[in-house]
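Chemist: Take a look at this one; I'll ask things after.
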Amino acid sequence: MKKLGLFLPAILLLWTAGANAHGPVRQKLKESIKIDASPAAVWERLKEYGSVDWLPMVESVKAEGGNAKGATRVLMFKNGGTIAEELKKYDVKKMSYSYKITDMTTLNTVRHSGEDAPIKVLPVTDFAASIKVTASGSGSEVTWKAGYYRGYMNNNPPVELNEKTAHDAVQAVFRAGLEGLKAISESKQPVKKASKAAKKADTSKAVSKKSQPSDSKATTAAFDSNYPAASFEPKVIYFDNKVAKASSSAVQGEKSVFDPRYPAANFVPKVIYP
């Protein structure tokens, strides 16, 4: 009995050491939020894989491939880090898509077990996620799921790269993103899209008739926002109510040109773009 009494603690000690020394276990995280907006309206915010203006910690995105499988996006974070992601599945009918992280920059390192272990933008490894919009009552519910390993893949990870740190980091991103999505969806702000003016801009086109100064006694002159800014030639003109004074270019000995179509009564010191 004495030998058995000594043997059992030894077995327990070995079992405990083995349990503490095991490798990483794949973690799962699920976060959801209710939004007071229709599923279609919320999906309108999410459907462009290359647009994540609802993620407050992301400063800009560089995307290629649209919403096709294999499309890529690189998220530039406000802390200077970047995360590269690849679109794995996209389903318009189910209002969902899934993606995985393919690369991340290193923000710092931690000395552990005689080496410098990198701390990435997210302290995780082999991260994959999906996001989906569903109907919920008179509104919507957005569910964001992820699967990943801790940042340190060897045994006995440092605190900065263990399971809890990984969980807390991913959860913080998901919660902030879902809250951001809820805020802009419920505020009914216009969805940010690529500038149509930039796409249509053509320096060979002239100013529309609406933007031309009137020959009549009109009190205002319309400005055409589609006029290509690249062709503007700004000039500072100084006027009073009686006479058009010389422009800044005339000070250098050049002749100042006055357009009689502009009503003199409306002239004030300003920069014009003829």
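By convention here, the chains of the structure tokens are called A, B, ... in the order presented, each chain's residues are numbered starting at 1, and ligands are numbered starting at 1 in the order presented.
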Please build the interface table for segment 34-83 of chain A against segment 139-149 of chain A with a cut-off of 10 Å, listing for each qualifying residue the nearest atom pair and the distance in Å to one decimal; count only C-alpha atoms, order rows by chain and increasing number, and write it as a tab-separated table.
Modeler:
residue	atom	partner	partner_atom	distance
A:Lys34	CA	A:Glu141	CA	4.5
A:Ile35	CA	A:Ser140	CA	5.1
A:Asp36	CA	A:Gly139	CA	4.7
A:Ala37	CA	A:Gly139	CA	4.8
A:Ser38	CA	A:Gly139	CA	5.0
A:Pro39	CA	A:Ser140	CA	5.2
A:Ala40	CA	A:Ser140	CA	8.9
A:Ala41	CA	A:Ser140	CA	9.1
A:Val42	CA	A:Ser140	CA	7.5
A:Trp43	CA	A:Val142	CA	9.2
Chemist: Which residues are near segment 166-176 of chain A? Cut-off 9 Å, only C-alpha atoms, ignore same chain within fewer than 5 positions. Put them as a ChimeraX atom specification.
Modeler: /A:27-33,54-57,122-124,144-146,148-151,160-161,181
Chemist: Next, write the just-selected residues to a file, as a PDB file, in the first residue's frame, keeping C-alpha atoms as the atom set.
Modeler:
ATOM      1  CA  GLN A  27     -10.026  28.112 -30.661  1.00  0.00           C
ATOM      2  CA  LYS A  28     -13.474  29.234 -31.831  1.00  0.00           C
ATOM      3  CA  LEU A  29     -15.146  32.582 -31.343  1.00  0.00           C
ATOM      4  CA  LYS A  30     -18.643  33.761 -32.239  1.00  0.00           C
ATOM      5  CA  GLU A  31     -19.990  37.278 -31.835  1.00  0.00           C
ATOM      6  CA  SER A  32     -23.432  38.560 -32.912  1.00  0.00           C
ATOM      7  CA  ILE A  33     -25.285  41.853 -32.848  1.00  0.00           C
ATOM      8  CA  TRP A  54     -17.361  49.868 -40.503  1.00  0.00           C
ATOM      9  CA  LEU A  55     -14.149  48.622 -38.847  1.00  0.00           C
ATOM     10  CA  PRO A  56     -12.992  51.605 -36.738  1.00  0.00           C
ATOM     11  CA  MET A  57      -9.399  50.425 -36.266  1.00  0.00           C
ATOM     12  CA  LEU A 122      -3.442  39.820 -34.190  1.00  0.00           C
ATOM     13  CA  PRO A 123      -1.642  37.357 -31.876  1.00  0.00           C
ATOM     14  CA  VAL A 124      -3.104  34.346 -33.692  1.00  0.00           C
ATOM     15  CA  TRP A 144     -19.163  36.875 -37.130  1.00  0.00           C
ATOM     16  CA  LYS A 145     -17.373  33.577 -36.495  1.00  0.00           C
ATOM     17  CA  ALA A 146     -13.686  32.671 -36.420  1.00  0.00           C
ATOM     18  CA  TYR A 148      -7.726  30.117 -35.018  1.00  0.00           C
ATOM     19  CA  TYR A 149      -4.756  28.968 -32.945  1.00  0.00           C
ATOM     20  CA  ARG A 150      -2.860  31.063 -30.419  1.00  0.00           C
ATOM     21  CA  GLY A 151       0.077  33.112 -31.644  1.00  0.00           C
ATOM     22  CA  GLU A 160       1.491  37.767 -24.854  1.00  0.00           C
ATOM     23  CA  LEU A 161       0.857  34.807 -27.186  1.00  0.00           C
ATOM     24  CA  LEU A 181     -21.603  48.305 -38.455  1.00  0.00           C
TER      25      LEU A 181
END
Chemist: So how far away is atom CA of Thr72 of chain A from atom CA of Ala84 of chain A, in Å?
Modeler: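 Computing it gives 7.2 Å between the two atoms.
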Chemist: Can you tell me which residues surround segment 45-51 of chain A at a distance of at most 7 Å, considering only C-alpha atoms, apart from same-chain residues fewer than 4 positions away, and format the answer as a ChimeraX atom specification?
Modeler: /A:41,61,63,66-67,73,191
Chemist: Taking only C-alpha atoms into account, which of A:Asn162, A:Lys188, A:Thr82, A:Ile131 comes nearest Lys94 of chain A?
Modeler: A:Ile131
